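Undergrad: My structure file work13.pdb, PDB, C-alpha atoms and all ligand atoms, is below:
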ATOM      1  CA  MET A   1      31.680 -41.245  28.252
ATOM      2  CA  ILE A   2      33.412 -40.549  31.560
ATOM      3  CA  THR A   3      37.043 -39.491  31.887
ATOM      4  CA  ALA A   4      38.726 -39.957  35.251
ATOM      5  CA  LEU A   5      41.925 -38.386  36.592
ATOM      6  CA  ALA A   6      43.645 -40.957  38.765
ATOM      7  CA  GLY A   7      46.518 -41.659  41.113
ATOM      8  CA  GLY A   8      47.052 -45.121  42.579
ATOM      9  CA  VAL A   9      45.244 -47.110  45.264
ATOM     10  CA  GLY A  10      42.362 -44.747  46.232
ATOM     11  CA  ALA A  11      41.566 -43.995  42.605
ATOM     12  CA  SER A  12      41.659 -47.672  41.651
ATOM     13  CA  LYS A  13      39.102 -48.597  44.293
ATOM     14  CA  PHE A  14      36.713 -46.031  42.871
ATOM     15  CA  LEU A  15      37.494 -47.063  39.280
ATOM     16  CA  GLU A  16      36.778 -50.690  40.126
ATOM     17  CA  GLY A  17      33.319 -49.616  41.307
ATOM     18  CA  LEU A  18      32.820 -47.334  38.310
ATOM     19  CA  SER A  19      33.705 -50.071  35.841
ATOM     20  CA  ARG A  20      31.093 -52.327  37.474
ATOM     21  CA  ALA A  21      28.470 -49.561  37.538
ATOM     22  CA  MET A  22      28.772 -48.699  33.826
ATOM     23  CA  LEU A  23      30.286 -50.052  30.619
ATOM     24  CA  PRO A  24      34.077 -50.111  31.192
ATOM     25  CA  GLU A  25      34.594 -49.274  27.506
ATOM     26  CA  ASP A  26      32.962 -45.888  28.188
ATOM     27  CA  ILE A  27      35.637 -44.923  30.736
ATOM     28  CA  SER A  28      38.954 -43.234  29.906
ATOM     29  CA  ILE A  29      41.473 -42.903  32.724
ATOM     30  CA  ILE A  30      44.243 -40.291  32.726
ATOM     31  CA  ILE A  31      46.891 -41.574  35.122
ATOM     32  CA  ASN A  32      49.617 -39.838  37.143
ATOM     33  CA  THR A  33      53.146 -40.739  36.090
ATOM     34  CA  GLY A  34      54.934 -38.451  38.570
ATOM     35  CA  ASP A  35      55.495 -41.486  40.840
ATOM     36  CA  ASP A  36      57.527 -43.246  38.147
ATOM     37  CA  ILE A  37      61.004 -44.325  39.187
ATOM     38  CA  GLU A  38      63.977 -46.214  37.765
ATOM     39  CA  LEU A  39      65.317 -49.025  39.934
ATOM     40  CA  PHE A  40      67.675 -51.864  38.929
ATOM     41  CA  GLY A  41      67.699 -50.339  35.443
ATOM     42  CA  LEU A  42      63.929 -50.841  35.153
ATOM     43  CA  TYR A  43      61.305 -48.172  34.508
ATOM     44  CA  ILE A  44      58.564 -48.584  37.113
ATOM     45  CA  ALA A  45      55.257 -46.720  36.725
ATOM     46  CA  PRO A  46      53.380 -47.513  39.965
ATOM     47  CA  ASP A  47      50.090 -45.735  39.262
ATOM     48  CA  LEU A  48      49.799 -47.142  35.730
ATOM     49  CA  ASP A  49      50.415 -50.590  37.212
ATOM     50  CA  ILE A  50      48.050 -50.188  40.168
ATOM     51  CA  VAL A  51      45.169 -49.107  37.891
ATOM     52  CA  SER A  52      45.933 -51.841  35.310
ATOM     53  CA  TYR A  53      46.268 -54.631  37.885
ATOM     54  CA  THR A  54      43.136 -53.521  39.773
ATOM     55  CA  LEU A  55      40.946 -53.381  36.679
ATOM     56  CA  ALA A  56      42.389 -56.699  35.488
ATOM     57  CA  GLY A  57      41.496 -58.297  38.853
ATOM     58  CA  LEU A  58      45.174 -59.057  39.515
ATOM     59  CA  VAL A  59      46.031 -56.596  42.273
ATOM     60  CA  ASN A  60      47.122 -57.718  45.720
ATOM     61  CA  PRO A  61      44.013 -56.908  47.784
ATOM     62  CA  ALA A  62      46.009 -56.599  51.017
ATOM     63  CA  THR A  63      48.176 -53.729  49.757
ATOM     64  CA  GLY A  64      46.292 -52.284  46.772
ATOM     65  CA  TRP A  65      49.542 -52.436  44.745
ATOM     66  CA  GLY A  66      51.556 -55.298  43.265
ATOM     67  CA  ILE A  67      50.135 -58.634  42.116
ATOM     68  CA  LYS A  68      48.237 -61.003  44.410
ATOM     69  CA  ASP A  69      50.169 -64.064  45.642
ATOM     70  CA  ASP A  70      53.383 -62.696  44.138
ATOM     71  CA  THR A  71      56.773 -63.888  45.409
ATOM     72  CA  PHE A  72      60.009 -61.904  45.789
ATOM     73  CA  HIS A  73      62.790 -64.369  44.880
ATOM     74  CA  CYS A  74      64.256 -62.246  42.088
ATOM     75  CA  LEU A  75      64.362 -59.132  44.296
ATOM     76  CA  GLU A  76      66.049 -61.047  47.131
ATOM     77  CA  LEU A  77      68.848 -62.211  44.823
ATOM     78  CA  LEU A  78      69.181 -58.746  43.272
ATOM     79  CA  LEU A  79      69.620 -57.291  46.755
ATOM     80  CA  ARG A  80      72.268 -59.916  47.604
ATOM     81  CA  TYR A  81      74.216 -58.957  44.481
ATOM     82  CA  SER A  82      73.910 -55.204  44.995
ATOM     83  CA  GLY A  83      74.187 -55.122  48.787
ATOM     84  CA  HIS A  84      71.298 -52.647  48.856
ATOM     85  CA  GLU A  85      68.672 -52.681  51.588
ATOM     86  CA  ARG A  86      65.150 -53.808  50.723
ATOM     87  CA  TRP A  87      62.636 -50.976  50.577
ATOM     88  CA  PHE A  88      60.788 -51.027  47.231
ATOM     89  CA  ASN A  89      59.109 -54.400  46.896
ATOM     90  CA  LEU A  90      59.154 -55.677  43.333
ATOM     91  CA  GLY A  91      57.422 -59.033  43.032
ATOM     92  CA  ASP A  92      58.450 -61.727  40.553
ATOM     93  CA  CYS A  93      55.279 -61.402  38.436
ATOM     94  CA  ASP A  94      55.236 -57.614  38.805
ATOM     95  CA  LEU A  95      58.801 -57.542  37.433
ATOM     96  CA  ALA A  96      57.503 -58.898  34.114
ATOM     97  CA  THR A  97      55.615 -55.613  33.580
ATOM     98  CA  HIS A  98      58.674 -53.498  34.419
ATOM     99  CA  ILE A  99      60.999 -55.596  32.228
ATOM    100  CA  PHE A 100      58.549 -55.433  29.313
ATOM    101  CA  ARG A 101      58.013 -51.660  29.690
ATOM    102  CA  THR A 102      61.743 -50.945  29.964
ATOM    103  CA  GLN A 103      62.563 -53.084  26.934
ATOM    104  CA  LYS A 104      59.876 -51.355  24.845
ATOM    105  CA  LEU A 105      61.008 -47.875  25.974
ATOM    106  CA  ARG A 106      64.576 -48.763  24.928
ATOM    107  CA  GLU A 107      63.241 -49.839  21.516
ATOM    108  CA  GLY A 108      61.756 -46.344  21.157
ATOM    109  CA  HIS A 109      58.095 -46.997  21.995
ATOM    110  CA  THR A 110      56.210 -44.423  24.064
ATOM    111  CA  LEU A 111      54.710 -44.965  27.507
ATOM    112  CA  SER A 112      51.242 -44.561  25.896
ATOM    113  CA  GLU A 113      51.916 -47.353  23.405
ATOM    114  CA  ILE A 114      53.308 -49.658  26.075
ATOM    115  CA  THR A 115      50.389 -48.940  28.425
ATOM    116  CA  GLU A 116      47.982 -49.858  25.617
ATOM    117  CA  ASN A 117      49.923 -53.068  25.014
ATOM    118  CA  VAL A 118      49.779 -54.025  28.720
ATOM    119  CA  ARG A 119      46.079 -53.037  28.936
ATOM    120  CA  THR A 120      45.005 -55.288  26.064
ATOM    121  CA  ALA A 121      47.188 -58.183  27.246
ATOM    122  CA  LEU A 122      45.621 -57.970  30.733
ATOM    123  CA  GLY A 123      42.094 -57.672  29.334
ATOM    124  CA  VAL A 124      41.364 -54.230  30.805
ATOM    125  CA  ARG A 125      38.408 -52.748  28.905
ATOM    126  CA  SER A 126      38.694 -49.063  29.925
ATOM    127  CA  ARG A 127      41.087 -46.728  28.131
ATOM    128  CA  LEU A 128      44.314 -46.114  30.114
ATOM    129  CA  LEU A 129      46.223 -42.931  29.305
ATOM    130  CA  PRO A 130      49.464 -41.870  30.991
ATOM    131  CA  MET A 131      49.198 -38.114  31.665
ATOM    132  CA  THR A 132      52.304 -37.500  29.522
ATOM    133  CA  ASN A 133      55.017 -39.451  27.725
ATOM    134  CA  THR A 134      57.728 -37.241  29.253
ATOM    135  CA  HIS A 135      59.410 -38.488  32.448
ATOM    136  CA  THR A 136      58.466 -35.912  35.115
ATOM    137  CA  PRO A 137      59.395 -37.509  38.450
ATOM    138  CA  THR A 138      58.030 -35.859  41.579
ATOM    139  CA  THR A 139      60.645 -34.524  44.001
ATOM    140  CA  ILE A 140      59.662 -33.945  47.615
ATOM    141  CA  ILE A 141      61.668 -31.144  49.198
ATOM    142  CA  THR A 142      62.028 -32.065  52.878
ATOM    143  CA  ASP A 143      63.940 -30.996  55.960
ATOM    144  CA  GLU A 144      66.199 -33.999  55.220
ATOM    145  CA  GLY A 145      66.909 -32.895  51.658
ATOM    146  CA  GLU A 146      65.321 -33.533  48.276
ATOM    147  CA  LEU A 147      63.869 -37.008  47.798
ATOM    148  CA  HIS A 148      62.204 -38.854  44.934
ATOM    149  CA  PHE A 149      58.539 -39.301  45.897
ATOM    150  CA  GLN A 150      58.930 -43.102  46.329
ATOM    151  CA  ASP A 151      62.015 -42.549  48.484
ATOM    152  CA  TYR A 152      60.022 -40.147  50.682
ATOM    153  CA  LEU A 153      56.913 -42.372  50.830
ATOM    154  CA  ILE A 154      58.363 -45.839  51.187
ATOM    155  CA  ARG A 155      61.998 -45.717  52.295
ATOM    156  CA  CYS A 156      61.456 -42.766  54.654
ATOM    157  CA  LEU A 157      57.845 -43.774  55.547
ATOM    158  CA  ALA A 158      56.679 -40.200  54.812
ATOM    159  CA  GLN A 159      58.443 -39.073  58.009
ATOM    160  CA  PRO A 160      60.574 -36.126  56.792
ATOM    161  CA  ARG A 161      58.828 -32.750  57.007
ATOM    162  CA  VAL A 162      57.672 -31.585  53.577
ATOM    163  CA  LYS A 163      58.783 -28.113  52.568
ATOM    164  CA  GLY A 164      57.788 -28.200  48.913
ATOM    165  CA  ILE A 165      57.005 -30.357  45.888
ATOM    166  CA  ARG A 166      58.582 -30.154  42.436
ATOM    167  CA  PHE A 167      57.573 -31.940  39.245
ATOM    168  CA  GLU A 168      60.843 -32.330  37.319
ATOM    169  CA  ASN A 169      60.789 -31.433  33.588
ATOM    170  CA  ILE A 170      57.083 -30.609  33.787
ATOM    171  CA  GLU A 171      57.532 -27.519  31.602
ATOM    172  CA  LEU A 172      58.724 -29.821  28.786
ATOM    173  CA  ALA A 173      55.803 -32.211  29.146
ATOM    174  CA  ARG A 174      52.783 -32.328  26.836
ATOM    175  CA  PRO A 175      49.561 -34.259  27.443
ATOM    176  CA  ALA A 176      50.007 -37.784  26.054
ATOM    177  CA  PRO A 177      48.085 -38.713  22.886
ATOM    178  CA  GLY A 178      44.390 -39.135  23.631
ATOM    179  CA  VAL A 179      44.415 -37.027  26.822
ATOM    180  CA  ALA A 180      43.044 -33.819  25.263
ATOM    181  CA  GLU A 181      40.300 -35.702  23.380
ATOM    182  CA  ALA A 182      39.391 -37.664  26.516
ATOM    183  CA  ILE A 183      38.840 -34.406  28.427
ATOM    184  CA  LEU A 184      37.125 -32.464  25.639
ATOM    185  CA  GLU A 185      34.843 -35.253  24.388
ATOM    186  CA  ALA A 186      33.717 -36.608  27.782
ATOM    187  CA  ASN A 187      30.244 -36.041  29.230
ATOM    188  CA  ALA A 188      31.831 -35.958  32.659
ATOM    189  CA  VAL A 189      35.321 -35.665  34.125
ATOM    190  CA  ILE A 190      35.829 -37.161  37.576
ATOM    191  CA  ILE A 191      38.833 -36.393  39.767
ATOM    192  CA  CYS A 192      39.231 -39.624  41.745
ATOM    193  CA  PRO A 193      39.793 -39.658  45.536
ATOM    194  CA  SER A 194      43.579 -39.390  45.203
ATOM    195  CA  ASN A 195      46.151 -37.156  46.884
ATOM    196  CA  PRO A 196      45.529 -33.678  45.391
ATOM    197  CA  LEU A 197      49.188 -32.666  45.835
ATOM    198  CA  ILE A 198      51.191 -35.592  44.457
ATOM    199  CA  SER A 199      48.695 -37.716  42.502
ATOM    200  CA  ILE A 200      46.325 -35.228  40.861
ATOM    201  CA  GLY A 201      48.796 -32.297  41.211
ATOM    202  CA  PRO A 202      51.225 -33.669  38.584
ATOM    203  CA  ILE A 203      48.370 -34.291  36.096
ATOM    204  CA  LEU A 204      47.101 -30.719  36.525
ATOM    205  CA  ALA A 205      50.668 -29.411  36.195
ATOM    206  CA  VAL A 206      51.160 -30.850  32.690
ATOM    207  CA  PRO A 207      51.009 -27.708  30.526
ATOM    208  CA  GLY A 208      47.626 -27.584  28.798
ATOM    209  CA  ILE A 209      45.653 -29.910  31.061
ATOM    210  CA  ARG A 210      44.168 -27.204  33.323
ATOM    211  CA  ASP A 211      43.060 -25.265  30.237
ATOM    212  CA  LEU A 212      41.453 -28.389  28.764
ATOM    213  CA  LEU A 213      39.522 -28.887  32.004
ATOM    214  CA  LYS A 214      38.318 -25.285  31.822
ATOM    215  CA  GLU A 215      37.438 -25.604  28.142
ATOM    216  CA  THR A 216      35.525 -28.891  28.252
ATOM    217  CA  LYS A 217      31.718 -28.925  28.225
ATOM    218  CA  ALA A 218      31.842 -31.990  30.475
ATOM    219  CA  THR A 219      30.447 -31.801  34.004
ATOM    220  CA  ARG A 220      33.495 -31.864  36.265
ATOM    221  CA  MET A 221      33.399 -33.631  39.601
ATOM    222  CA  ALA A 222      35.872 -34.416  42.388
ATOM    223  CA  ILE A 223      35.650 -36.940  45.218
ATOM    224  CA  SER A 224      37.327 -36.021  48.489
ATOM    225  CA  PRO A 225      40.243 -38.254  49.544
ATOM    226  CA  VAL A 226      40.087 -36.608  52.987
ATOM    227  CA  VAL A 227      37.382 -37.858  55.355
ATOM    228  CA  GLY A 228      36.877 -36.714  58.933
ATOM    229  CA  GLY A 229      40.121 -34.727  58.946
ATOM    230  CA  ALA A 230      42.393 -37.581  57.779
ATOM    231  CA  SER A 231      43.392 -39.088  54.459
ATOM    232  CA  LEU A 232      41.874 -42.465  53.617
ATOM    233  CA  LYS A 233      45.166 -43.670  52.149
ATOM    234  CA  GLY A 234      48.746 -42.444  52.135
ATOM    235  CA  PRO A 235      50.346 -39.264  53.413
ATOM    236  CA  THR A 236      47.874 -36.633  52.120
ATOM    237  CA  ASP A 237      47.072 -35.404  55.648
ATOM    238  CA  ARG A 238      50.727 -35.154  56.688
ATOM    239  CA  MET A 239      51.687 -33.361  53.486
ATOM    240  CA  LEU A 240      48.818 -30.845  53.772
ATOM    241  CA  THR A 241      49.809 -30.085  57.375
ATOM    242  CA  ASP A 242      53.514 -29.703  56.551
ATOM    243  CA  LEU A 243      52.632 -27.290  53.740
ATOM    244  CA  GLY A 244      50.519 -25.159  56.098
ATOM    245  CA  MET A 245      47.129 -26.281  54.810
ATOM    246  CA  GLU A 246      44.118 -27.521  56.717
ATOM    247  CA  VAL A 247      43.492 -31.292  56.608
ATOM    248  CA  SER A 248      39.897 -31.191  55.483
ATOM    249  CA  ALA A 249      37.608 -31.965  52.574
ATOM    250  CA  ARG A 250      37.041 -28.191  52.324
ATOM    251  CA  GLN A 251      40.784 -27.694  51.710
ATOM    252  CA  VAL A 252      40.682 -30.263  48.905
ATOM    253  CA  ALA A 253      37.637 -28.512  47.400
ATOM    254  CA  LYS A 254      39.564 -25.208  47.570
ATOM    255  CA  LEU A 255      42.479 -26.724  45.642
ATOM    256  CA  TYR A 256      40.072 -27.707  42.833
ATOM    257  CA  ALA A 257      37.785 -24.651  43.114
ATOM    258  CA  ASP A 258      38.440 -23.255  39.617
ATOM    259  CA  LEU A 259      38.118 -26.656  37.937
ATOM    260  CA  ILE A 260      35.047 -28.487  39.195
ATOM    261  CA  ASP A 261      31.261 -28.220  39.258
ATOM    262  CA  ILE A 262      30.395 -30.948  41.772
ATOM    263  CA  PHE A 263      32.200 -32.088  44.926
ATOM    264  CA  ILE A 264      31.505 -35.391  46.659
ATOM    265  CA  LEU A 265      31.780 -35.182  50.417
ATOM    266  CA  ASP A 266      31.573 -37.958  52.992
ATOM    267  CA  ARG A 267      28.632 -37.989  55.447
ATOM    268  CA  ARG A 268      31.129 -37.469  58.287
ATOM    269  CA  ASP A 269      31.986 -34.061  56.817
ATOM    270  CA  GLU A 270      28.416 -32.957  56.130
ATOM    271  CA  THR A 271      28.865 -29.820  58.261
ATOM    272  CA  ALA A 272      31.301 -28.488  55.610
ATOM    273  CA  LYS A 273      28.637 -28.694  52.863
ATOM    274  CA  GLU A 274      27.583 -25.042  52.912
ATOM    275  CA  GLU A 275      31.115 -23.673  53.065
ATOM    276  CA  ILE A 276      32.070 -25.816  50.067
ATOM    277  CA  GLU A 277      28.991 -24.699  48.161
ATOM    278  CA  GLN A 278      30.159 -21.130  48.727
ATOM    279  CA  LEU A 279      33.253 -21.988  46.676
ATOM    280  CA  GLY A 280      30.843 -22.198  43.715
ATOM    281  CA  MET A 281      30.223 -25.915  43.437
ATOM    282  CA  LYS A 282      27.320 -28.270  44.004
ATOM    283  CA  VAL A 283      27.945 -30.735  46.845
ATOM    284  CA  LEU A 284      26.789 -34.343  47.093
ATOM    285  CA  VAL A 285      26.985 -35.893  50.556
ATOM    286  CA  THR A 286      27.282 -39.685  50.553
ATOM    287  CA  ASP A 287      29.351 -42.597  51.905
ATOM    288  CA  THR A 288      32.802 -42.368  50.326
ATOM    289  CA  VAL A 289      34.748 -44.941  52.351
ATOM    290  CA  MET A 290      35.126 -47.887  49.962
ATOM    291  CA  SER A 291      35.789 -50.750  52.380
ATOM    292  CA  ASP A 292      34.262 -53.445  50.135
ATOM    293  CA  THR A 293      33.135 -53.997  46.540
ATOM    294  CA  ASP A 294      29.507 -53.060  47.251
ATOM    295  CA  LYS A 295      30.627 -49.727  48.694
ATOM    296  CA  LYS A 296      32.843 -49.056  45.654
ATOM    297  CA  ILE A 297      29.865 -49.697  43.355
ATOM    298  CA  ALA A 298      27.517 -47.644  45.542
ATOM    299  CA  LEU A 299      29.844 -44.619  45.426
ATOM    300  CA  ALA A 300      30.183 -44.949  41.644
ATOM    301  CA  ARG A 301      26.383 -45.184  41.256
ATOM    302  CA  ALA A 302      25.901 -42.104  43.451
ATOM    303  CA  ALA A 303      28.410 -40.178  41.321
ATOM    304  CA  ILE A 304      26.715 -41.272  38.078
ATOM    305  CA  ALA A 305      23.259 -40.392  39.459
ATOM    306  CA  VAL A 306      24.283 -36.840  40.351
ATOM    307  CA  LEU A 307      25.893 -36.408  36.932
ATOM    308  CA  ASP A 308      22.643 -37.498  35.271
TER     309      ASP A 308
HETATM  310  N1  LIG B   1      54.149 -49.230  48.063
HETATM  311  C1  LIG B   1      54.653 -49.489  49.279
HETATM  312  O1  LIG B   1      54.162 -48.980  50.273
HETATM  313  N2  LIG B   1      55.761 -50.317  49.421
HETATM  314  C2  LIG B   1      56.346 -50.928  48.364
HETATM  315  O2  LIG B   1      57.309 -51.654  48.522
HETATM  316  C3  LIG B   1      55.786 -50.691  47.048
HETATM  317  C4  LIG B   1      56.291 -51.289  45.917
HETATM  318  C5  LIG B   1      55.654 -51.097  44.695
HETATM  319  C6  LIG B   1      56.085 -51.785  43.549
HETATM  320  C7  LIG B   1      55.456 -51.611  42.336
HETATM  321  C8  LIG B   1      54.373 -50.744  42.247
HETATM  322  O3  LIG B   1      53.736 -50.595  41.078
HETATM  323  C9  LIG B   1      53.910 -50.059  43.369
HETATM  324  C10 LIG B   1      54.550 -50.223  44.588
HETATM  325  N3  LIG B   1      54.094 -49.564  45.741
HETATM  326  C11 LIG B   1      54.656 -49.814  46.963
HETATM  327  C12 LIG B   1      52.996 -48.596  45.662
HETATM  328  C13 LIG B   1      53.451 -47.181  45.291
HETATM  329  O4  LIG B   1      54.655 -46.822  45.811
HETATM  330  C14 LIG B   1      52.535 -46.059  45.763
HETATM  331  O5  LIG B   1      51.421 -46.490  46.433
HETATM  332  C15 LIG B   1      52.125 -45.202  44.630
HETATM  333  O6  LIG B   1      53.180 -44.679  43.921
HETATM  334  C16 LIG B   1      51.206 -44.064  45.086
HETATM  335  O7  LIG B   1      50.153 -44.097  44.238
END
Could you show the structure in this file as structure tokens?
TA:
Amino acid sequence: MITALAGGVGASKFLEGLSRAMLPEDISIIINTGDDIELFGLYIAPDLDIVSYTLAGLVNPATGWGIKDDTFHCLELLLRYSGHERWFNLGDCDLATHIFRTQKLREGHTLSEITENVRTALGVRSRLLPMTNTHTPTTIITDEGELHFQDYLIRCLAQPRVKGIRFENIELARPAPGVAEAILEANAVIICPSNPLISIGPILAVPGIRDLLKETKATRMAISPVVGGASLKGPTDRMLTDLGMEVSARQVAKLYADLIDIFILDRRDETAKEEIEQLGMKVLVTDTVMSDTDKKIALARAAIAVLD
């Protein structure tokens, strides 16, 4: 049994490889919900959707989010009615997920229950667990004011300078049902190559989750999302710089130092191996850039081999 902590696109690439390298039923995935946002009265949970669509083989391969070959007719009409500018692209098929989730939430179902419903309907065989059922949207504190994470990332193209990050309501949040068991009963816990600040950060900030990771007998591993001094996807590098941190795999390892046993480092960063080992973890050096399916599977196999 492997339990993964996941954000969106980077994590999903790895999880696609992992679910081809082992039985998908033996994988539980705890997913960030800090990116969740309400738009047009709909509750949108991007990372839950990205992981679900990827593992269902539905994701748009060009973007890593949304549904392949989707159209945007509904959004275009919505924008004509509201007079709003287009920035968050909700496809016609994608909207079905958001409409269904919102309707179920209004009927009193939890995000966990709805995620399970979507998972089975899409034929995803791994277990998908939102980190919490409490809405804890991530606020980015910038030199242009406080912005919802999606507003910062997409509307503002991650341009404003980041001064801080806040996970709203996080003190009220509890791990969603199944999360504690998934961490405690796993043979291994893998932190996927996601942004440590805004994808994995919110999961680790849910009260109780850090303690569960310290308590578990599972071997705990993390894969660096930073390769050769830049993030593979998204604004990790910019955010680290703005917050006064080094943009390096070593910095990522430092952020996880009290939580992991093994760190996976890209060959390009091999010179950092010893320094990372000095943080008290074993280091595996391998190819981590998942540019095609074979590379996704190869990285997953390398991770499984070192765990064995
Ligand atoms: N990312 C974008 O860069 N632009 C978009 O318009 C966009 C829309 C979108 C709609 C639904 C969804 O589930 C995800 C969407 N994403 C979009 C991805 C998302 O904003 C981020 O990549 C994640 O939140 C970070 O993991």
Undergrad: All residues within 8 Å of ligand LIG 1 (chain B) are required, counting all atoms listed in the file; please report them as an NGL selection string.
TA: :A and (7-9 or 35-36 or 44-50 or 63-66 or 87-91 or 94 or 149-150 or 153-154 or 199 or 234)
Undergrad: If the PyMOL selection byres (((chain A and resi 300) around 8) and not hetatm) were run on this exact file, what residues would it hold? Put them as a list in words.
TA: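 What the PyMOL selection byres (((chain A and resi 300) around 8) and not hetatm) grabs from the file is Phe14, Leu15, Gly17, Leu18, Ala21, Lys296, Ile297, Ala298, Leu299, Arg301, Ala302, Ala303 and Ile304 of chain A.
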Undergrad: Quick one: write out the picked residues with C-alpha atoms as a PDB file, keeping the file's coordinate frame?
TA:
ATOM      1  CA  PHE A  14      36.713 -46.031  42.871  1.00  0.00           C
ATOM      2  CA  LEU A  15      37.494 -47.063  39.280  1.00  0.00           C
ATOM      3  CA  GLY A  17      33.319 -49.616  41.307  1.00  0.00           C
ATOM      4  CA  LEU A  18      32.820 -47.334  38.310  1.00  0.00           C
ATOM      5  CA  ALA A  21      28.470 -49.561  37.538  1.00  0.00           C
ATOM      6  CA  LYS A 296      32.843 -49.056  45.654  1.00  0.00           C
ATOM      7  CA  ILE A 297      29.865 -49.697  43.355  1.00  0.00           C
ATOM      8  CA  ALA A 298      27.517 -47.644  45.542  1.00  0.00           C
ATOM      9  CA  LEU A 299      29.844 -44.619  45.426  1.00  0.00           C
ATOM     10  CA  ARG A 301      26.383 -45.184  41.256  1.00  0.00           C
ATOM     11  CA  ALA A 302      25.901 -42.104  43.451  1.00  0.00           C
ATOM     12  CA  ALA A 303      28.410 -40.178  41.321  1.00  0.00           C
ATOM     13  CA  ILE A 304      26.715 -41.272  38.078  1.00  0.00           C
TER      14      ILE A 304
END
Undergrad: Can you translate the PyMOL selection byres (((chain A and resi 25) around 8) and not hetatm) into the concrete residues it hits in this file, as a list in words?
TA: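 So the PyMOL selection byres (((chain A and resi 25) around 8) and not hetatm) ends up selecting Leu23, Pro24, Asp26, Ile27, Ser28, Arg125, Ser126 and Arg127 of chain A.
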Undergrad: Excluding same-chain residues fewer than 3 positions from Ala6 in chain A, what lies within 6 Å of it counting all atoms listed in the file, as a PyMOL selection string?
TA: chain A and resi 11+31+192
Undergrad: To test your reading of the syntax: which residues would the PyMOL selection byres (((chain A and resi 284) around 12) and not hetatm) return for the file shown? Reply as an mmCIF file with C-alpha atoms, in the frame of the given file.
TA:
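Output (selection_15.cif):
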data_model
loop_
_atom_site.group_PDB
_atom_site.id
_atom_site.type_symbol
_atom_site.label_atom_id
_atom_site.label_comp_id
_atom_site.auth_asym_id
_atom_site.auth_seq_id
_atom_site.Cartn_x
_atom_site.Cartn_y
_atom_site.Cartn_z
ATOM 1 C CA MET A 221 33.399 -33.631 39.601
ATOM 2 C CA ALA A 222 35.872 -34.416 42.388
ATOM 3 C CA ILE A 223 35.650 -36.940 45.218
ATOM 4 C CA SER A 224 37.327 -36.021 48.489
ATOM 5 C CA ASP A 261 31.261 -28.220 39.258
ATOM 6 C CA ILE A 262 30.395 -30.948 41.772
ATOM 7 C CA PHE A 263 32.200 -32.088 44.926
ATOM 8 C CA ILE A 264 31.505 -35.391 46.659
ATOM 9 C CA LEU A 265 31.780 -35.182 50.417
ATOM 10 C CA ASP A 266 31.573 -37.958 52.992
ATOM 11 C CA ARG A 267 28.632 -37.989 55.447
ATOM 12 C CA ASP A 269 31.986 -34.061 56.817
ATOM 13 C CA GLU A 270 28.416 -32.957 56.130
ATOM 14 C CA ALA A 272 31.301 -28.488 55.610
ATOM 15 C CA LYS A 273 28.637 -28.694 52.863
ATOM 16 C CA GLU A 274 27.583 -25.042 52.912
ATOM 17 C CA ILE A 276 32.070 -25.816 50.067
ATOM 18 C CA GLU A 277 28.991 -24.699 48.161
ATOM 19 C CA MET A 281 30.223 -25.915 43.437
ATOM 20 C CA LYS A 282 27.320 -28.270 44.004
ATOM 21 C CA VAL A 283 27.945 -30.735 46.845
ATOM 22 C CA VAL A 285 26.985 -35.893 50.556
ATOM 23 C CA THR A 286 27.282 -39.685 50.553
ATOM 24 C CA ASP A 287 29.351 -42.597 51.905
ATOM 25 C CA THR A 288 32.802 -42.368 50.326
ATOM 26 C CA LEU A 299 29.844 -44.619 45.426
ATOM 27 C CA ALA A 302 25.901 -42.104 43.451
ATOM 28 C CA ALA A 303 28.410 -40.178 41.321
ATOM 29 C CA ILE A 304 26.715 -41.272 38.078
ATOM 30 C CA ALA A 305 23.259 -40.392 39.459
ATOM 31 C CA VAL A 306 24.283 -36.840 40.351
ATOM 32 C CA LEU A 307 25.893 -36.408 36.932
#
Undergrad: Skip Ile99 in chain A itself and residues of its chain fewer than 2 positions away, then list as a list in words all residues within 12 Å of it, counting all atoms listed in the file.
TA: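 Skipping anything fewer than 2 positions along the chain leaves Glu38, Leu39, Phe40, Gly41, Leu42, Tyr43, Ile44, Ala45, Leu90, Gly91, Asp92, Cys93, Asp94, Leu95, Ala96, Thr97, Arg101, Thr102, Gln103, Lys104, Leu105, Arg106, Ile114 and Val118 of chain A.
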Undergrad: For His148 in chain A, which residue out of A:Arg161, A:Phe100, A:Gly34, A:Arg86 is the nearest one, using only C-alpha atoms?
TA: A:Gly34
Undergrad: Quick one: of A:Thr139, A:Gly57, A:Pro175, A:Val124, who's nearest to Arg210 in chain A, counting all atoms listed in the file?
TA: A:Pro175
Undergrad: A:Leu111, A:Met239, A:Ile67, A:Ala56: which is nearest Ile198 in chain A, counting all atoms listed in the file?
TA: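 Under the stated criterion, the closest residue is A:Met239.
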Undergrad: Which of these residues is nearest to Thr120 in chain A, using all atoms listed in the file: A:Asn133, A:Ser52, A:Thr3, A:Thr71?
TA: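 Using all atoms listed in the file, Thr120 in chain A sits closest to A:Ser52.
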Undergrad: I'd like the interatomic distance between CA of Asn187 in chain A and CA of Ala173 in chain A, to a tenth of an Å.
TA: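 Separation of CA of Asn187 in chain A and CA of Ala173 in chain A: 25.8 Å.
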Undergrad: How far is it from CA of Val206 in chain A to CA of Thr136 in chain A, in Å with one decimal?
TA: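 CA of Thr136 in chain A lies 9.2 Å from CA of Val206 in chain A.
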Undergrad: Using CA of His135 in chain A and CA of Ile170 in chain A as the two end points, give the distance in Å to one decimal.
TA: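 CA of Ile170 in chain A lies at a distance of 8.3 Å from CA of His135 in chain A.
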Undergrad: Nearest to Ile29 in chain A among A:Thr219, A:Gln278, A:Leu129, A:Gly164, with distances taken over all atoms listed in the file: which residue is it?
TA: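 Smallest separation from Ile29 in chain A among the options: A:Leu129.
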